[in-house]
Each structure stands twice: as C-alpha cells, then as structure tokens.
Amino acid sequence: MKNNRLAIFLLAGLLAAGASAQEWPSRPVRVIVPAPAGSSLDVIARTLADRLRVIWKQPVVIETKAGAGGLIGMDTVAKAPHDGYTLGIGFNGPIAFGPYMYRRMPYAPSRDLVPIVLTTSQPNVLAVQESNPANTLPEFVDWARKQGSKFSYASVGAGSSSHLTMELLRSVTKMEAVHVPYSGSPPAGLSLAAGDTQALFTVAPALLPLIQGHRVKLIAVTSATRSELMKDLPTVAEAGYAGFESLAWNGFFTAAGTPPEVVQRINADVNAVLREPAVRELLANQGLVAGGGSPEEFKAFIDSEARKWGAIIAKVGIRLDQ
C-alpha cells in the first residue's frame, strides 16, 4: 500500500510537470536586464522580446535592474519562483567572473541559476589613439614595452571583459601597464581619445563615433577568426598569439528548479527567434553575433569561460569586495 501511494504521488508530480510545461506561458513573462536602460543588453532583450511575445501570446515585460556589476539583477532572477516566468539576460561578469572576484556573492551562479541559451556574443577590439605610431599588434606591443610603467590602459570597469582581456594580453606579452577603470565605454573611450590612457579593449560599436572622428584607431580583434563585420581587422591570434580569444557574451537564465520541460520550451523558442534573418540583421547592426544552441552547450561554454578567466583573475589578484 505504501509503495502504491508513493507511485501515485510520483505519477501525479510528473503529470503536473508535464501539464505546467504544456500550459506555459499562461501569464506575462518578465525579463530582468542587469544593466541600464539603453545598454546593449537592454537592446538585445527588447529585440528578442518583440518576437517572443508573438510566439508566446503573452506580454514579455523588460525590467532593468542595474548595479553591482550585474549582481543585483541576476540575484533577482536567482531568487524568483522557479517557474520560468522570470528570465534574466546574464553576461560574463555576474556569471563566469563573479565567483572568482567576490569573496561572497548573493547567489551562486552554478547552483541558483539555470542556463537556457546563449543569446549573442561579440569580440573586443584593441583601440589606441589615432596618433599612436603602432598600426599592428606587434608594433603596439613593442611600443608599449618601451613605455614601461608609463603605459596605462583604460577599461569599462574593474573585472569587466574589457579589463580581463588586456590582462590576458599582458600575460602573454609580458607588458607592464597601469589599469585605469572607468564606468562604461563612453568615459573609457574619451580617456583614450584625450590621451589620458593609451589603449582600450572594448566592443567596436562603443567606439564608432571616435573612429569616425579620427580620434582612435583599431589594431586587432579578439575573436578566434576575423569578424564578418570587420574583415580587414586582424585577430590577436593571427598576429602571433595563437589561441587568443576573448568574447563579450550574454544569454538567458532562469531560477534553478524550473521544470526542464519549461527550460526546453524557452530554449526552442529563443533559438527559433535567433534564426530569423530579420533578427540576425538587427543584431548584426549592433555588432552582435546571434547565438543559439542547447542549454547543455551553453552550460559547457560557461564552465569553460569560468576556468579560463578564473585563472587570469587569480593571477592578477582581482578582488572587488575588499
């Protein structure tokens, strides 16, 4: 009798999970953006939401929760009900870098969040002042080495992909450098254009006005192969540093414990949107490469990124909560 009751209980649970997955979504879905309104993450979320609300026949509400390098927004997702109705568009910092940079986080990414799908990625570019004598990466490395401790570089924030990419380059080139963190791409780019700093890794669209104004120029791109959007710009790898790759990436997450059937439904629908030519074109116009793939592939990618950048963070000794 006891075994029969247990079997009935388990069967009821499975049927309930299946029913919830089939009925999902039966009400509005909110997407937490852990960055300011108007940021690239906000643009990505709104681009995808415009199509997902049609597929889901439900409102998709964008909610920006910026602050603490993305931790505030992703903590909201981690602590939401595990029903798939709260999604977050997480990125490198609060997902792969954070566990190595903070002694204590309000959530554990690997325990409290479920990766759903990679949404977009884009490489960083190495920018210098237009007047810099270097036009290639080897020339830049030689120039920077000659500057010694006088060489400083900007980043869009301590612990950002911008910061860690330069630290990775420093580790393979043995350059000296002083790090000058800024709050975002605009002030970092302006510091470079004004000569207050001498180099910057960031995403290309953020520098477009300065490039068009002939105030900064690009030396290299950090993708494994040349970018389709910048075919004339050589990669760091082909300039002599084999295997060098650094991507700014993002993807959808939800709270751990969300039924796998719901996760798979969201994954399938986002993949369908990311395959639409119009969506891919919209993203490409922002310098973004559309993502996609399974939850398992996204998790494996995150694990790989965490191992790679965790070693750099430990080597440099980056701590953001001291």
# chains A, B, ... in the order shown; residues from 1 in each chain; ligands from 1
call {"tool": "select_by_dssp", "arguments": {"residues": "stretch 187-290 of chain A", "states": "strand (DSSP E)", "output": "list in words"}}
result
Leu200, Phe201, Thr202, Val216, Lys217, Leu218, Ile219, Ala220, Val221, Leu247, Ala248, Trp249, Asn250, Gly251, Phe252, Phe253, Thr254, Ala255, Val289 and Ala290 of chain A
call {"tool": "closest_atom_pairs", "arguments": {"of": "stretch 279-298 of chain A", "to": "stretch 183-205 of chain A", "cutoff": "12 Å", "atoms": "only C-alpha atoms", "output": "tab-separated table"}}
result
residue	atom	partner	partner_atom	distance
A:Leu283	CA	A:Pro205	CA	11.6
A:Ala284	CA	A:Pro205	CA	10.6
A:Asn285	CA	A:Pro205	CA	9.1
A:Gln286	CA	A:Pro205	CA	6.6
A:Gly287	CA	A:Pro205	CA	6.2
A:Leu288	CA	A:Pro205	CA	9.3
call {"tool": "write_last_selection", "arguments": {"atoms": "all heavy atoms", "output": "PDB file, in the first residue's frame"}}
result
ATOM      1  N   LEU A 283      20.630  42.413 -34.959  1.00  0.00           N
ATOM      2  CA  LEU A 283      21.730  42.195 -34.019  1.00  0.00           C
ATOM      3  C   LEU A 283      23.069  42.539 -34.673  1.00  0.00           C
ATOM      4  O   LEU A 283      23.934  43.155 -34.048  1.00  0.00           O
ATOM      5  CB  LEU A 283      21.718  40.742 -33.528  1.00  0.00           C
ATOM      6  CG  LEU A 283      20.504  40.334 -32.682  1.00  0.00           C
ATOM      7  CD1 LEU A 283      20.527  38.844 -32.392  1.00  0.00           C
ATOM      8  CD2 LEU A 283      20.447  41.127 -31.380  1.00  0.00           C
ATOM      9  N   ALA A 284      23.237  42.132 -35.930  1.00  0.00           N
ATOM     10  CA  ALA A 284      24.495  42.412 -36.635  1.00  0.00           C
ATOM     11  C   ALA A 284      24.737  43.910 -36.751  1.00  0.00           C
ATOM     12  O   ALA A 284      25.884  44.371 -36.677  1.00  0.00           O
ATOM     13  CB  ALA A 284      24.476  41.771 -38.021  1.00  0.00           C
ATOM     14  N   ASN A 285      23.665  44.678 -36.902  1.00  0.00           N
ATOM     15  CA  ASN A 285      23.808  46.130 -36.978  1.00  0.00           C
ATOM     16  C   ASN A 285      24.321  46.727 -35.674  1.00  0.00           C
ATOM     17  O   ASN A 285      24.815  47.858 -35.658  1.00  0.00           O
ATOM     18  CB  ASN A 285      22.468  46.774 -37.352  1.00  0.00           C
ATOM     19  CG  ASN A 285      22.072  46.506 -38.793  1.00  0.00           C
ATOM     20  OD1 ASN A 285      22.917  46.189 -39.627  1.00  0.00           O
ATOM     21  ND2 ASN A 285      20.787  46.620 -39.099  1.00  0.00           N
ATOM     22  N   GLN A 286      24.201  45.965 -34.593  1.00  0.00           N
ATOM     23  CA  GLN A 286      24.733  46.383 -33.294  1.00  0.00           C
ATOM     24  C   GLN A 286      26.106  45.757 -33.024  1.00  0.00           C
ATOM     25  O   GLN A 286      26.635  45.883 -31.917  1.00  0.00           O
ATOM     26  CB  GLN A 286      23.767  45.955 -32.184  1.00  0.00           C
ATOM     27  CG  GLN A 286      22.389  46.572 -32.270  1.00  0.00           C
ATOM     28  CD  GLN A 286      22.401  48.058 -31.971  1.00  0.00           C
ATOM     29  OE1 GLN A 286      23.143  48.526 -31.123  1.00  0.00           O
ATOM     30  NE2 GLN A 286      21.568  48.811 -32.677  1.00  0.00           N
ATOM     31  N   GLY A 287      26.655  45.078 -34.043  1.00  0.00           N
ATOM     32  CA  GLY A 287      27.948  44.431 -33.878  1.00  0.00           C
ATOM     33  C   GLY A 287      27.872  43.111 -33.152  1.00  0.00           C
ATOM     34  O   GLY A 287      28.892  42.606 -32.657  1.00  0.00           O
ATOM     35  N   LEU A 288      26.683  42.508 -33.098  1.00  0.00           N
ATOM     36  CA  LEU A 288      26.452  41.292 -32.314  1.00  0.00           C
ATOM     37  C   LEU A 288      26.298  40.072 -33.215  1.00  0.00           C
ATOM     38  O   LEU A 288      25.693  40.143 -34.283  1.00  0.00           O
ATOM     39  CB  LEU A 288      25.190  41.452 -31.468  1.00  0.00           C
ATOM     40  CG  LEU A 288      25.215  42.601 -30.444  1.00  0.00           C
ATOM     41  CD1 LEU A 288      23.801  42.967 -30.038  1.00  0.00           C
ATOM     42  CD2 LEU A 288      26.045  42.207 -29.236  1.00  0.00           C
TER      43      LEU A 288
END
call {"tool": "residues_around", "arguments": {"residues": "A:Asn132", "least_positions_apart": "2", "cutoff": "12 Å", "atoms": "only C-alpha atoms", "output": "ChimeraX atom specification"}}
result
/A:127-130,134-137,139-141,143-144,192-193,195,197-199,214-219
call {"tool": "closest_atom_pairs", "arguments": {"of": "stretch 65-164 of chain A", "to": "stretch 309-314 of chain A", "cutoff": "10 Å", "atoms": "only C-alpha atoms", "output": "JSON lines"}}
result
{"residue": "A:Asn92", "atom": "CA", "partner": "A:Trp309", "partner_atom": "CA", "distance": 9.7}
{"residue": "A:Ala96", "atom": "CA", "partner": "A:Trp309", "partner_atom": "CA", "distance": 7.8}
{"residue": "A:Phe97", "atom": "CA", "partner": "A:Gly310", "partner_atom": "CA", "distance": 6.6}
{"residue": "A:Gly98", "atom": "CA", "partner": "A:Gly310", "partner_atom": "CA", "distance": 9.1}
{"residue": "A:Pro99", "atom": "CA", "partner": "A:Gly310", "partner_atom": "CA", "distance": 8.3}
{"residue": "A:Tyr100", "atom": "CA", "partner": "A:Gly310", "partner_atom": "CA", "distance": 5.8}
{"residue": "A:Met101", "atom": "CA", "partner": "A:Ile313", "partner_atom": "CA", "distance": 7.0}
{"residue": "A:Gly159", "atom": "CA", "partner": "A:Ile313", "partner_atom": "CA", "distance": 8.1}
{"residue": "A:Ser161", "atom": "CA", "partner": "A:Trp309", "partner_atom": "CA", "distance": 9.3}
{"residue": "A:Leu164", "atom": "CA", "partner": "A:Ile312", "partner_atom": "CA", "distance": 7.3}
call {"tool": "write_last_selection", "arguments": {"atoms": "C-alpha atoms", "output": "JSON list (two decimals), in the first residue's frame"}}
result
[["chain", "number", "residue", "atom", "x", "y", "z"],
["A", 92, "ASN", "CA", 30.33, 37.25, -18.35],
["A", 96, "ALA", "CA", 31.57, 33.41, -15.04],
["A", 97, "PHE", "CA", 33.83, 36.07, -13.46],
["A", 98, "GLY", "CA", 31.97, 36.88, -10.26],
["A", 99, "PRO", "CA", 32.72, 33.70, -8.28],
["A", 100, "TYR", "CA", 36.44, 34.43, -8.66],
["A", 101, "MET", "CA", 36.29, 38.17, -7.92],
["A", 159, "GLY", "CA", 36.63, 42.98, -13.50],
["A", 161, "SER", "CA", 35.71, 41.64, -20.08],
["A", 164, "LEU", "CA", 40.44, 40.94, -18.26]]
call {"tool": "closest_residue", "arguments": {"among": "A:Trp249, A:Phe244, A:Phe298, A:Tyr182", "to": "A:Ile44", "atoms": "only C-alpha atoms"}}
result
A:Trp249
call {"tool": "residues_around", "arguments": {"residues": "A:Gly292", "least_positions_apart": "5", "cutoff": "8 Å", "atoms": "only C-alpha atoms", "output": "number ranges by chain"}}
result
A: 117-120, 270-271, 274
call {"tool": "closest_residue", "arguments": {"among": "A:Gln22, A:Ser39, A:Thr173, A:Thr47", "to": "A:Thr64", "atoms": "only C-alpha atoms"}}
result
A:Ser39
call {"tool": "closest_atom_pairs", "arguments": {"of": "stretch 199-291 of chain A", "to": "stretch 72-77 of chain A", "cutoff": "10 Å", "atoms": "only C-alpha atoms", "output": "Markdown table"}}
result
| residue | atom | partner | partner_atom | distance |
| --- | --- | --- | --- | --- |
| A:Phe253 | CA | A:Val77 | CA | 7.7 |
| A:Thr254 | CA | A:Val77 | CA | 6.1 |
| A:Ala255 | CA | A:Val77 | CA | 5.9 |
| A:Ala256 | CA | A:Val77 | CA | 9.4 |
call {"tool": "write_last_selection", "arguments": {"atoms": "all heavy atoms", "output": "compact mmCIF listing (two decimals), in the first residue's frame"}}
result
# COMPACT_ATOMS: atom_id res chain seq x y z
N PHE A 253 18.86 33.13 -18.59
CA PHE A 253 18.92 32.26 -17.41
C PHE A 253 17.57 32.33 -16.71
O PHE A 253 16.81 33.28 -16.87
CB PHE A 253 20.01 32.73 -16.44
CG PHE A 253 21.41 32.63 -16.97
CD1 PHE A 253 21.91 33.59 -17.85
CD2 PHE A 253 22.23 31.58 -16.61
CE1 PHE A 253 23.20 33.50 -18.34
CE2 PHE A 253 23.52 31.48 -17.10
CZ PHE A 253 24.01 32.44 -17.98
N THR A 254 17.31 31.33 -15.88
CA THR A 254 16.16 31.35 -15.00
C THR A 254 16.54 30.69 -13.69
O THR A 254 17.65 30.16 -13.55
CB THR A 254 14.93 30.69 -15.65
OG1 THR A 254 13.76 31.01 -14.89
CG2 THR A 254 15.09 29.18 -15.74
N ALA A 255 15.63 30.72 -12.72
CA ALA A 255 15.94 30.18 -11.40
C ALA A 255 16.10 28.66 -11.43
O ALA A 255 15.37 27.97 -12.15
CB ALA A 255 14.84 30.56 -10.42
N ALA A 256 17.05 28.16 -10.68
CA ALA A 256 17.23 26.71 -10.54
C ALA A 256 15.95 26.10 -9.99
O ALA A 256 15.25 26.70 -9.17
CB ALA A 256 18.40 26.42 -9.60
call {"tool": "closest_residue", "arguments": {"among": "A:Glu276, A:Asp321, A:Glu281, A:Glu23", "to": "A:Arg51", "atoms": "only C-alpha atoms"}}
result
A:Glu276
call {"tool": "closest_residue", "arguments": {"among": "A:Val60, A:Ile116, A:Pro138, A:Gln122", "to": "A:Pro295", "atoms": "only C-alpha atoms"}}
result
A:Ile116
call {"tool": "atom_distance", "arguments": {"atom1": "atom CA of A:Ser171", "atom2": "atom CA of A:Lys315"}}
result
9.1 Å
call {"tool": "select_by_dssp", "arguments": {"residues": "stretch 25-85 of chain A", "states": "helix (DSSP H, G or I)", "output": "ChimeraX atom specification"}}
result
/A:40-56,68-78
call {"tool": "residues_around", "arguments": {"residues": "A:Pro181", "least_positions_apart": "3", "cutoff": "7 Å", "atoms": "only C-alpha atoms", "output": "list of chain:residue names"}}
result
A:Ala154, A:Ser155, A:Val156, A:Gly157, A:Ala158
call {"tool": "atom_distance", "arguments": {"atom1": "atom CA of A:Val221", "atom2": "atom CA of A:Val172"}}
result
15.8 Å
call {"tool": "decode", "arguments": {"residues": "stretch 37-52 of chain A", "atoms": "all heavy atoms", "output": "compact mmCIF listing (two decimals), in the first residue's frame"}}
result
# COMPACT_ATOMS: atom_id res chain seq x y z
N ALA A 37 18.97 50.97 -18.80
CA ALA A 37 18.14 51.12 -19.99
C ALA A 37 18.97 51.74 -21.10
O ALA A 37 19.76 52.65 -20.87
CB ALA A 37 16.93 52.00 -19.68
N GLY A 38 18.82 51.23 -22.32
CA GLY A 38 19.58 51.73 -23.45
C GLY A 38 20.91 51.05 -23.66
O GLY A 38 21.58 51.27 -24.67
N SER A 39 21.32 50.19 -22.71
CA SER A 39 22.57 49.44 -22.85
C SER A 39 22.42 48.38 -23.93
O SER A 39 21.31 48.08 -24.39
CB SER A 39 22.95 48.78 -21.52
OG SER A 39 21.97 47.81 -21.17
N SER A 40 23.54 47.77 -24.34
CA SER A 40 23.47 46.73 -25.36
C SER A 40 22.63 45.55 -24.88
O SER A 40 21.88 44.95 -25.65
CB SER A 40 24.87 46.26 -25.75
OG SER A 40 25.56 45.72 -24.64
N LEU A 41 22.71 45.21 -23.58
CA LEU A 41 21.89 44.12 -23.04
C LEU A 41 20.41 44.45 -23.15
O LEU A 41 19.58 43.59 -23.47
CB LEU A 41 22.25 43.86 -21.58
CG LEU A 41 23.50 43.04 -21.27
CD1 LEU A 41 23.60 42.83 -19.77
CD2 LEU A 41 23.51 41.72 -22.00
N ASP A 42 20.06 45.70 -22.87
CA ASP A 42 18.68 46.14 -22.96
C ASP A 42 18.18 46.04 -24.40
O ASP A 42 17.06 45.57 -24.65
CB ASP A 42 18.58 47.59 -22.46
CG ASP A 42 17.15 48.08 -22.33
OD1 ASP A 42 16.29 47.30 -21.87
OD2 ASP A 42 16.89 49.24 -22.68
N VAL A 43 19.01 46.44 -25.34
CA VAL A 43 18.65 46.36 -26.77
C VAL A 43 18.43 44.91 -27.18
O VAL A 43 17.46 44.58 -27.88
CB VAL A 43 19.73 47.02 -27.64
CG1 VAL A 43 19.47 46.76 -29.12
CG2 VAL A 43 19.81 48.51 -27.37
N ILE A 44 19.32 44.02 -26.75
CA ILE A 44 19.19 42.59 -27.09
C ILE A 44 17.90 42.02 -26.52
O ILE A 44 17.13 41.34 -27.22
CB ILE A 44 20.39 41.80 -26.55
CG1 ILE A 44 21.68 42.23 -27.25
CG2 ILE A 44 20.18 40.29 -26.73
CD1 ILE A 44 22.94 41.84 -26.51
N ALA A 45 17.64 42.31 -25.24
CA ALA A 45 16.44 41.78 -24.59
C ALA A 45 15.18 42.27 -25.29
O ALA A 45 14.24 41.48 -25.52
CB ALA A 45 16.43 42.19 -23.12
N ARG A 46 15.14 43.54 -25.65
CA ARG A 46 13.94 44.09 -26.29
C ARG A 46 13.77 43.54 -27.71
O ARG A 46 12.64 43.30 -28.17
CB ARG A 46 13.99 45.61 -26.29
CG ARG A 46 13.86 46.20 -24.89
CD ARG A 46 13.94 47.72 -24.87
NE ARG A 46 14.03 48.18 -23.49
CZ ARG A 46 13.00 48.31 -22.66
NH1 ARG A 46 11.78 48.04 -23.10
NH2 ARG A 46 13.18 48.73 -21.42
N THR A 47 14.89 43.34 -28.41
CA THR A 47 14.82 42.77 -29.76
C THR A 47 14.20 41.37 -29.72
O THR A 47 13.31 41.04 -30.53
CB THR A 47 16.22 42.71 -30.39
OG1 THR A 47 16.75 44.03 -30.50
CG2 THR A 47 16.17 42.06 -31.76
N LEU A 48 14.65 40.55 -28.77
CA LEU A 48 14.12 39.19 -28.66
C LEU A 48 12.70 39.19 -28.11
O LEU A 48 11.85 38.40 -28.55
CB LEU A 48 15.04 38.35 -27.76
CG LEU A 48 16.47 38.19 -28.27
CD1 LEU A 48 17.30 37.35 -27.30
CD2 LEU A 48 16.50 37.55 -29.66
N ALA A 49 12.43 40.08 -27.15
CA ALA A 49 11.10 40.12 -26.55
C ALA A 49 10.02 40.47 -27.57
O ALA A 49 8.89 39.95 -27.50
CB ALA A 49 11.08 41.13 -25.41
N ASP A 50 10.35 41.33 -28.53
CA ASP A 50 9.39 41.71 -29.56
C ASP A 50 8.88 40.50 -30.33
O ASP A 50 7.71 40.47 -30.75
CB ASP A 50 10.02 42.72 -30.53
CG ASP A 50 10.12 44.12 -29.94
OD1 ASP A 50 9.45 44.37 -28.91
OD2 ASP A 50 10.88 44.92 -30.48
N ARG A 51 9.74 39.52 -30.54
CA ARG A 51 9.34 38.32 -31.26
C ARG A 51 8.75 37.26 -30.33
O ARG A 51 7.82 36.55 -30.69
CB ARG A 51 10.54 37.73 -32.02
CG ARG A 51 11.07 38.61 -33.12
CD ARG A 51 10.04 38.77 -34.24
NE ARG A 51 9.68 37.48 -34.81
CZ ARG A 51 8.43 37.03 -34.95
NH1 ARG A 51 7.41 37.78 -34.56
NH2 ARG A 51 8.20 35.84 -35.47
N LEU A 52 9.30 37.14 -29.13
CA LEU A 52 8.83 36.11 -28.20
C LEU A 52 7.40 36.36 -27.75
O LEU A 52 6.63 35.41 -27.55
CB LEU A 52 9.76 36.03 -26.98
CG LEU A 52 11.15 35.47 -27.27
CD1 LEU A 52 12.06 35.64 -26.06
CD2 LEU A 52 11.07 34.00 -27.67
